[in-house]
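Below is one structure, written out as structure tokens, with a few remarks after it.
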Amino acid sequence: MSVLTGPLRTVEAELIGYRRTWRGTVISSFVNPVFFLSAMGLGLGSLVDQSDNDLGIPYIAFVATGLMAATAMQAGAGDGSFPIMAGIKWRKEFHATITTPMTAADIVLGRGLWGVIRLTFILSVFTVIAGLFDALPLRTALMAIPPAVLTGIAFTTIVTAFTVTQNDSTSLTTLFRFGITPLFLFSGTFFPIGNLPQAFQYVAYATPLFHGVELVRKIALPGLGTDMVTTIPIWVHFAYLAVMAITGLYLASRLLDKVLRP
Amino acid sequence: MTENLVEARGLTKKFGDFTAVDAIDFDIHKGEAFGFLGPNGAGKTSTMKMISTVSPITEGKLTVFGLDPATQGRSIRRRIGVVPQEDNLDVEMTVGENLYIYGRYHDMTRAQIVPKITELLEFAQLTDRRDSHVEPLSGGMKRRLTIARALINDPDLVILDEPTTGLDPQARHLLWDRLYRLKQRGATLIITTHYMDEAEQLCDRLVVMDNGKIAAEGSPSSLIRQYATREVLEVRFGVDEDKDAAALSLDGLARRTEVLADRVLLYTDDGEGVAHAMNERGIHPEQVLVRRSTLEDVFLRLTGRRLID
């Protein structure tokens, strides 16, 4: 039995459930980018592009890269929150799983693998739709899918680690309201981080979605000026997200084991 | 020589300052149905969880199949089936899928699992429910599915925590019948229960647990012989009557007298004889019943309390 056997069994279990719910998630992964790109890109974009500030690129291109990372964050954080709470406290199926040769780490790693598959699908759909909106050059946008997946999975693992320590879903609602939503708004998704006061820029540097947005933007739209993106090297963004994902995996495995095996 | 599947010496489980299981010793033999009888909070579930390796032991020694749960948990879990107190079936899957994924968790191939599912659904009397969702099943059906799920890997040891709690009498009897068949096939069963009738029906040998400790150990009949009399005369007085005074008036009739909130128990080998003697003393309770002693009486004797409050 290899190290991956257990995690792959978790993926299999997710697939069995997904066979019944895939229609809903597929529809939302098509509908969300269409809505956001129409409203932000076309609607708001027409105003932005008429202004005297020359972005050098259409606003829809700028915001599409931001939304790509933000979509990954939201899907990733979603995967790490309510389904985990359900497995521990509501449906309790994790408690059943660990009475077999499976371990808490198999559950966490498997859900991570499953998250990578799901995020890749969601972001591919996003990229294709962004291409149809003529928002992004397709070739570089496709290259930005793996960094966006990394952004999402980093959120999945850290949010999983947080969720397993919580007693009820109130704290999850709080996390989304006061964590995920501000990140969505102030991480450079909709406007360059340089437009924020200096102090807020430093705060943004410390937060994960900023690195996801910058990474995706620098890869999908190469050659942007320093008024659009920071001069932080790409590897720094990558390292930040990779460390976050791995720390999250480690913490989530350890903490879930503590919770399931008191 | 009997082979011990589980051995515990000084087995202890603490949660912070609270000691759930307090240095208990027991051996579980291959092929027997072994029971942990006790009220809620006696430490039965904690003991079960330690045996099924889903709760680390705090102190003492525990081996399952001669293996150490702390380091060889996976190998132990490969050979056990666990039926938890609460149904934790996956409600997003069908009846058949719940069994299938458990087989996969046990590293079985599709070709091994599929015939096993057919066999287990038959055993659990759920054959026509194979493609049904879990949610609409009755409590008894869910329980039987949980038991079927625990059997997917042909376990050498089946651990059942309160298997019939919350079921109606008919569902309980059906479940007992299934567990009895399982025993007949040679499976080793560990059962926790706070129902004395369940323990009497199913267990070859049991320990009585109270406050994390083992109060007594033996077969149901030997425990009854040791701690109770053959028969019990239960007498009920009117609500207005002083039970203690009534009990005093019964003094000397039986070997032992227990005064409960609602009735008085007279322990004797001859219930009818004591009933006669009582009538001759001019005592005429509202209700008189002669019955055989049960494990409930054993528990009462050992702890001074009843199993179910």
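Naming works like this for the structure tokens: A, B, ... for the chains as they're shown, residue 1 at the start of each chain, ligands 1 onward in shown order.
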
Compile the contact shell of Leu89 in chain B as a PyMOL selection string: residues with an atom at most 7 Å away, counting only C-alpha atoms, same-chain residues fewer than 3 positions apart removed.
-> (chain A and resi 93) or (chain B and resi 98+146)

Store the residues of this selection in a file with C-alpha atoms, as a PDB file, in the first residue's frame.
ATOM      1  CA  GLU A  93     -18.493  10.316   8.128  1.00  0.00           C
TER       2      GLU A  93
ATOM      3  CA  ASN B  98     -21.761   3.060   1.598  1.00  0.00           C
ATOM      4  CA  THR B 146     -23.910   0.043   9.759  1.00  0.00           C
TER       5      THR B 146
END

Return as a list in words the residues belonging to chain A that are within 8 Å of chain B, counting only C-alpha atoms.
-> Gly6, Arg9, Glu12, Ala13, Ile16, Gly17, Arg91, Lys92, Glu93, His95, Ala96, Thr97, Ile98, Thr99, Thr100, Pro101, Met102, Leu260, Arg261 and Pro262 of chain A

List the neighbours of Glu119 in chain B out to 12 Å using only C-alpha atoms; skip same-chain residues closer than 3 positions along the sequence, and give me the result as a PyMOL selection string.
-> chain B and resi 96+99+112-116+122-127+130+148-149+151-152+154

Just the selected residues (C-alpha atoms), exported as a PDB file, in the first residue's frame, please.
ATOM      1  CA  GLY B  96     -24.724  -0.001  -1.791  1.00  0.00           C
ATOM      2  CA  LEU B  99     -20.642  -0.560   1.584  1.00  0.00           C
ATOM      3  CA  GLN B 112     -13.953  -8.620  -4.245  1.00  0.00           C
ATOM      4  CA  ILE B 113     -16.420  -6.030  -3.042  1.00  0.00           C
ATOM      5  CA  VAL B 114     -19.371  -6.536  -5.390  1.00  0.00           C
ATOM      6  CA  PRO B 115     -20.279 -10.124  -4.368  1.00  0.00           C
ATOM      7  CA  LYS B 116     -19.626  -9.176  -0.743  1.00  0.00           C
ATOM      8  CA  GLU B 122     -28.946 -10.200   2.218  1.00  0.00           C
ATOM      9  CA  PHE B 123     -27.615 -10.685   5.738  1.00  0.00           C
ATOM     10  CA  ALA B 124     -28.843  -7.230   6.765  1.00  0.00           C
ATOM     11  CA  GLN B 125     -32.193  -7.799   5.008  1.00  0.00           C
ATOM     12  CA  LEU B 126     -31.654  -4.732   2.870  1.00  0.00           C
ATOM     13  CA  THR B 127     -31.352  -6.341  -0.564  1.00  0.00           C
ATOM     14  CA  ARG B 130     -29.388  -1.346  -2.436  1.00  0.00           C
ATOM     15  CA  ALA B 148     -23.149  -4.754   7.292  1.00  0.00           C
ATOM     16  CA  ARG B 149     -20.615  -2.021   6.600  1.00  0.00           C
ATOM     17  CA  LEU B 151     -18.445  -6.718   8.045  1.00  0.00           C
ATOM     18  CA  ILE B 152     -17.218  -5.785   4.555  1.00  0.00           C
ATOM     19  CA  ASP B 154     -14.544 -10.144   6.984  1.00  0.00           C
TER      20      ASP B 154
END

Test item: residues at most 12 Å from Thr181 in chain A, only C-alpha atoms, excluding those fewer than 5 positions along its chain, as a compact mmCIF listing (two decimals) with C-alpha atoms, in the first residue's frame:
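Output file result11.txt is given in full below:
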# COMPACT_ATOMS: atom_id res chain seq x y z
CA ALA A 70 -10.16 35.25 -6.13
CA THR A 71 -12.39 32.52 -7.61
CA MET A 73 -9.61 31.39 -3.13
CA GLN A 74 -13.37 31.19 -2.68
CA ALA A 77 -11.82 28.14 1.22
CA THR A 173 -19.42 32.44 8.80
CA THR A 174 -17.19 34.90 10.64
CA LEU A 175 -14.16 33.68 8.71
CA PHE A 176 -15.89 34.36 5.41
CA PHE A 186 -8.38 44.56 -0.95
CA SER A 187 -5.87 42.16 -2.47
CA THR A 189 -8.38 42.02 -7.35
CA LEU A 209 -4.72 36.44 -1.94

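In terms of minimum interatomic distance to Ala144 in chain A, A:Ser124 ranks closest within A:Thr21, A:Thr247, A:Ser124, A:Ser169, counting only C-alpha atoms.
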
To one decimal in Å, tell me the separation between CA of Leu266 in chain B and CA of Ala254 in chain B.
->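 The value is 5.6 Å.
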
Would you mind reading off the distance between CA of Ala20 in chain B and CA of Ile214 in chain B, one decimal, in Å?
->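 Straight-line distance from CA of Ala20 in chain B to CA of Ile214 in chain B works out to 12.0 Å.
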
Among the residues of range 35-215 of chain A, find those DSSP assigns to helix (DSSP H, G or I) from the backbone and print them as JSON, numbers by chain.
-> {"A": [35, 36, 37, 38, 39, 40, 41, 42, 43, 44, 45, 46, 47, 48, 49, 50, 59, 60, 61, 62, 63, 64, 65, 66, 67, 68, 69, 70, 71, 72, 73, 74, 75, 76, 77, 78, 79, 80, 82, 83, 84, 85, 86, 87, 88, 89, 90, 93, 94, 95, 96, 97, 104, 105, 106, 107, 108, 109, 110, 111, 112, 113, 114, 115, 116, 117, 118, 119, 120, 121, 122, 123, 124, 125, 126, 127, 128, 129, 130, 131, 132, 138, 139, 140, 141, 142, 143, 145, 146, 147, 148, 149, 150, 151, 152, 153, 154, 155, 156, 157, 158, 159, 160, 161, 162, 163, 164, 170, 171, 172, 173, 174, 175, 176, 177, 178, 179, 180, 181, 182, 183, 184, 185, 186, 193, 194, 195, 198, 199, 200, 201, 202, 203, 204, 205, 206, 208, 209, 210, 211, 212, 213, 214, 215]}

Got time to write the residues from that selection, C-alpha atoms, as a short mmCIF file (atom, residue, chain, number, x, y, z; two decimals), in the first residue's frame?
data_model
loop_
_atom_site.label_atom_id
_atom_site.label_comp_id
_atom_site.auth_asym_id
_atom_site.auth_seq_id
_atom_site.Cartn_x
_atom_site.Cartn_y
_atom_site.Cartn_z
CA PHE A 35 -21.60 37.34 -14.15
CA PHE A 36 -18.39 38.80 -12.76
CA LEU A 37 -16.74 39.47 -16.11
CA SER A 38 -19.90 41.11 -17.44
CA ALA A 39 -20.48 43.30 -14.39
CA MET A 40 -16.88 44.19 -13.47
CA GLY A 41 -15.14 43.78 -16.77
CA LEU A 42 -17.67 45.10 -19.26
CA GLY A 43 -19.86 47.28 -17.03
CA LEU A 44 -17.37 48.86 -14.67
CA GLY A 45 -14.62 48.49 -17.26
CA SER A 46 -16.34 50.77 -19.74
CA LEU A 47 -16.23 53.54 -17.11
CA VAL A 48 -12.64 52.87 -16.13
CA ASP A 49 -11.41 52.71 -19.70
CA GLN A 50 -13.06 56.07 -20.51
CA TYR A 59 -9.76 47.00 -17.35
CA ILE A 60 -11.44 43.67 -18.10
CA ALA A 61 -7.99 42.07 -18.53
CA PHE A 62 -6.85 43.48 -15.20
CA VAL A 63 -9.92 42.39 -13.31
CA ALA A 64 -10.09 38.97 -15.01
CA THR A 65 -6.69 38.03 -13.59
CA GLY A 66 -7.77 39.24 -10.16
CA LEU A 67 -11.03 37.32 -10.36
CA MET A 68 -9.22 34.19 -11.46
CA ALA A 69 -7.19 34.13 -8.23
CA ALA A 70 -10.16 35.25 -6.13
CA THR A 71 -12.39 32.52 -7.61
CA ALA A 72 -9.73 29.99 -6.66
CA MET A 73 -9.61 31.39 -3.13
CA GLN A 74 -13.37 31.19 -2.68
CA ALA A 75 -13.68 27.67 -4.04
CA GLY A 76 -10.64 26.60 -2.04
CA ALA A 77 -11.82 28.14 1.22
CA GLY A 78 -15.26 26.64 0.60
CA ASP A 79 -13.74 23.15 0.28
CA GLY A 80 -11.88 23.58 3.55
CA PHE A 82 -18.35 23.48 5.63
CA PRO A 83 -17.62 20.01 4.17
CA ILE A 84 -14.96 19.52 6.86
CA MET A 85 -17.33 20.63 9.62
CA ALA A 86 -19.90 18.21 8.20
CA GLY A 87 -17.43 15.32 8.19
CA ILE A 88 -16.53 15.93 11.83
CA LYS A 89 -19.70 17.24 13.44
CA TRP A 90 -22.79 16.95 11.24
CA GLU A 93 -18.49 10.32 8.13
CA PHE A 94 -14.84 11.05 8.99
CA HIS A 95 -15.34 9.21 12.26
CA ALA A 96 -16.43 6.16 10.30
CA THR A 97 -13.57 6.44 7.83
CA ALA A 104 -6.83 11.57 9.25
CA ALA A 105 -3.87 12.40 6.98
CA ASP A 106 -5.42 10.26 4.21
CA ILE A 107 -8.59 12.34 4.49
CA VAL A 108 -6.74 15.67 4.43
CA LEU A 109 -4.37 14.71 1.59
CA GLY A 110 -7.17 13.10 -0.39
CA ARG A 111 -9.39 16.13 -0.08
CA GLY A 112 -6.40 18.23 -1.15
CA LEU A 113 -5.97 16.08 -4.27
CA TRP A 114 -9.68 16.27 -4.95
CA GLY A 115 -9.48 20.05 -4.49
CA VAL A 116 -6.72 20.26 -7.10
CA ILE A 117 -8.91 18.38 -9.59
CA ARG A 118 -11.94 20.53 -8.87
CA LEU A 119 -10.00 23.81 -8.93
CA THR A 120 -8.34 22.87 -12.21
CA PHE A 121 -11.78 22.31 -13.70
CA ILE A 122 -13.28 25.52 -12.30
CA LEU A 123 -10.29 27.61 -13.42
CA SER A 124 -10.19 26.04 -16.87
CA VAL A 125 -13.83 27.01 -17.34
CA PHE A 126 -12.97 30.49 -16.09
CA THR A 127 -10.09 30.80 -18.53
CA VAL A 128 -12.18 29.67 -21.49
CA ILE A 129 -14.93 32.16 -20.61
CA ALA A 130 -12.36 34.94 -20.10
CA GLY A 131 -11.08 34.01 -23.56
CA LEU A 132 -14.60 34.25 -25.00
CA LEU A 138 -5.66 32.41 -24.07
CA ARG A 139 -2.07 31.09 -24.13
CA THR A 140 -0.81 33.02 -21.09
CA ALA A 141 -4.13 32.63 -19.32
CA LEU A 142 -3.80 28.84 -19.57
CA MET A 143 -0.32 29.13 -18.07
CA ILE A 145 -4.16 28.06 -14.24
CA PRO A 146 -1.57 26.16 -12.11
CA PRO A 147 -0.69 29.27 -10.04
CA ALA A 148 -4.39 29.92 -9.51
CA VAL A 149 -4.89 26.28 -8.43
CA LEU A 150 -2.00 26.70 -5.98
CA THR A 151 -3.74 29.80 -4.59
CA GLY A 152 -6.97 27.86 -4.10
CA ILE A 153 -5.38 24.83 -2.51
CA ALA A 154 -3.34 26.98 -0.11
CA PHE A 155 -6.66 28.34 1.13
CA THR A 156 -8.22 24.87 1.31
CA THR A 157 -5.53 23.47 3.58
CA ILE A 158 -5.24 26.49 5.90
CA VAL A 159 -9.01 26.84 6.20
CA THR A 160 -9.26 23.09 6.87
CA ALA A 161 -6.77 23.45 9.71
CA PHE A 162 -8.85 26.31 11.10
CA THR A 163 -12.17 24.49 10.68
CA VAL A 164 -11.12 21.35 12.56
CA THR A 170 -20.59 30.45 13.48
CA SER A 171 -16.83 30.82 13.29
CA LEU A 172 -16.89 29.73 9.65
CA THR A 173 -19.42 32.44 8.80
CA THR A 174 -17.19 34.90 10.64
CA LEU A 175 -14.16 33.68 8.71
CA PHE A 176 -15.89 34.36 5.41
CA ARG A 177 -17.33 37.68 6.48
CA PHE A 178 -14.21 39.15 8.07
CA GLY A 179 -11.47 37.13 6.37
CA ILE A 180 -12.35 36.01 2.88
CA THR A 181 -14.49 39.01 1.86
CA PRO A 182 -11.90 41.71 2.82
CA LEU A 183 -9.22 39.67 1.06
CA PHE A 184 -11.46 39.51 -2.00
CA LEU A 185 -11.82 43.31 -2.01
CA PHE A 186 -8.38 44.56 -0.95
CA ILE A 193 -2.50 47.68 -4.66
CA GLY A 194 -0.43 50.86 -5.25
CA ASN A 195 -3.68 52.85 -4.97
CA GLN A 198 1.26 52.82 2.10
CA ALA A 199 0.43 51.11 5.41
CA PHE A 200 -2.34 49.08 3.79
CA GLN A 201 0.01 48.02 1.04
CA TYR A 202 2.28 46.41 3.63
CA VAL A 203 -0.73 44.64 5.13
CA ALA A 204 -1.62 43.38 1.67
CA TYR A 205 1.91 42.02 1.16
CA ALA A 206 1.37 39.83 4.20
CA PRO A 208 -2.26 35.32 0.72
CA LEU A 209 -4.72 36.44 -1.94
CA PHE A 210 -2.45 39.37 -2.83
CA HIS A 211 0.28 36.89 -3.76
CA GLY A 212 -2.20 34.77 -5.69
CA VAL A 213 -3.49 37.76 -7.65
CA GLU A 214 0.00 39.07 -8.40
CA LEU A 215 1.23 35.65 -9.45
#

Distance query Arg255 in chain B at most 9 Å, only C-alpha atoms, self and fewer than 4 positions along chain excluded, as a VMD selection string | chain B and resid 229 266 to 269

Emit the selected residues as an mmCIF file, in the first residue's frame, including C-alpha atoms.
data_model
loop_
_atom_site.group_PDB
_atom_site.id
_atom_site.type_symbol
_atom_site.label_atom_id
_atom_site.label_comp_id
_atom_site.auth_asym_id
_atom_site.auth_seq_id
_atom_site.Cartn_x
_atom_site.Cartn_y
_atom_site.Cartn_z
ATOM 1 C CA THR B 229 -30.610 -15.182 44.143
ATOM 2 C CA LEU B 266 -37.039 -9.433 47.818
ATOM 3 C CA TYR B 267 -34.174 -11.725 46.822
ATOM 4 C CA THR B 268 -34.889 -15.387 47.476
ATOM 5 C CA ASP B 269 -34.583 -18.817 45.902
#

Taking the DSSP assignment computed from this structure's backbone, write out as a list of chain:residue names all residues of range 25-154 of chain B that belong to strand (DSSP E).
->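 Here is the list: B:Asp25, B:Phe26, B:Asp27, B:Ile28, B:His29, B:Ala33, B:Phe34, B:Gly35, B:Phe36, B:Leu37, B:Glu59, B:Gly60, B:Lys61, B:Leu62, B:Thr63, B:Val64, B:Ile80, B:Gly81, B:Val82, B:Val83.
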
Output of the above residues as an mmCIF file, in the first residue's frame, restricted to C-alpha atoms:
data_model
loop_
_atom_site.group_PDB
_atom_site.id
_atom_site.type_symbol
_atom_site.label_atom_id
_atom_site.label_comp_id
_atom_site.auth_asym_id
_atom_site.auth_seq_id
_atom_site.Cartn_x
_atom_site.Cartn_y
_atom_site.Cartn_z
ATOM 1 C CA ASP B 25 -7.857 -5.550 33.245
ATOM 2 C CA PHE B 26 -9.611 -7.932 30.869
ATOM 3 C CA ASP B 27 -8.970 -10.562 28.206
ATOM 4 C CA ILE B 28 -11.211 -11.218 25.247
ATOM 5 C CA HIS B 29 -11.028 -14.734 23.834
ATOM 6 C CA ALA B 33 -19.164 -12.588 22.531
ATOM 7 C CA PHE B 34 -17.757 -10.330 25.218
ATOM 8 C CA GLY B 35 -19.851 -7.630 26.813
ATOM 9 C CA PHE B 36 -19.244 -4.392 28.651
ATOM 10 C CA LEU B 37 -22.362 -3.751 30.713
ATOM 11 C CA GLU B 59 -1.734 4.508 30.714
ATOM 12 C CA GLY B 60 -1.424 0.763 31.063
ATOM 13 C CA LYS B 61 -1.086 -1.877 28.399
ATOM 14 C CA LEU B 62 -3.396 -2.856 25.566
ATOM 15 C CA THR B 63 -2.834 -5.307 22.751
ATOM 16 C CA VAL B 64 -5.233 -6.244 19.967
ATOM 17 C CA ILE B 80 -11.722 -5.242 12.831
ATOM 18 C CA GLY B 81 -15.224 -4.015 12.082
ATOM 19 C CA VAL B 82 -16.625 -1.137 14.107
ATOM 20 C CA VAL B 83 -20.281 -0.341 14.700
#
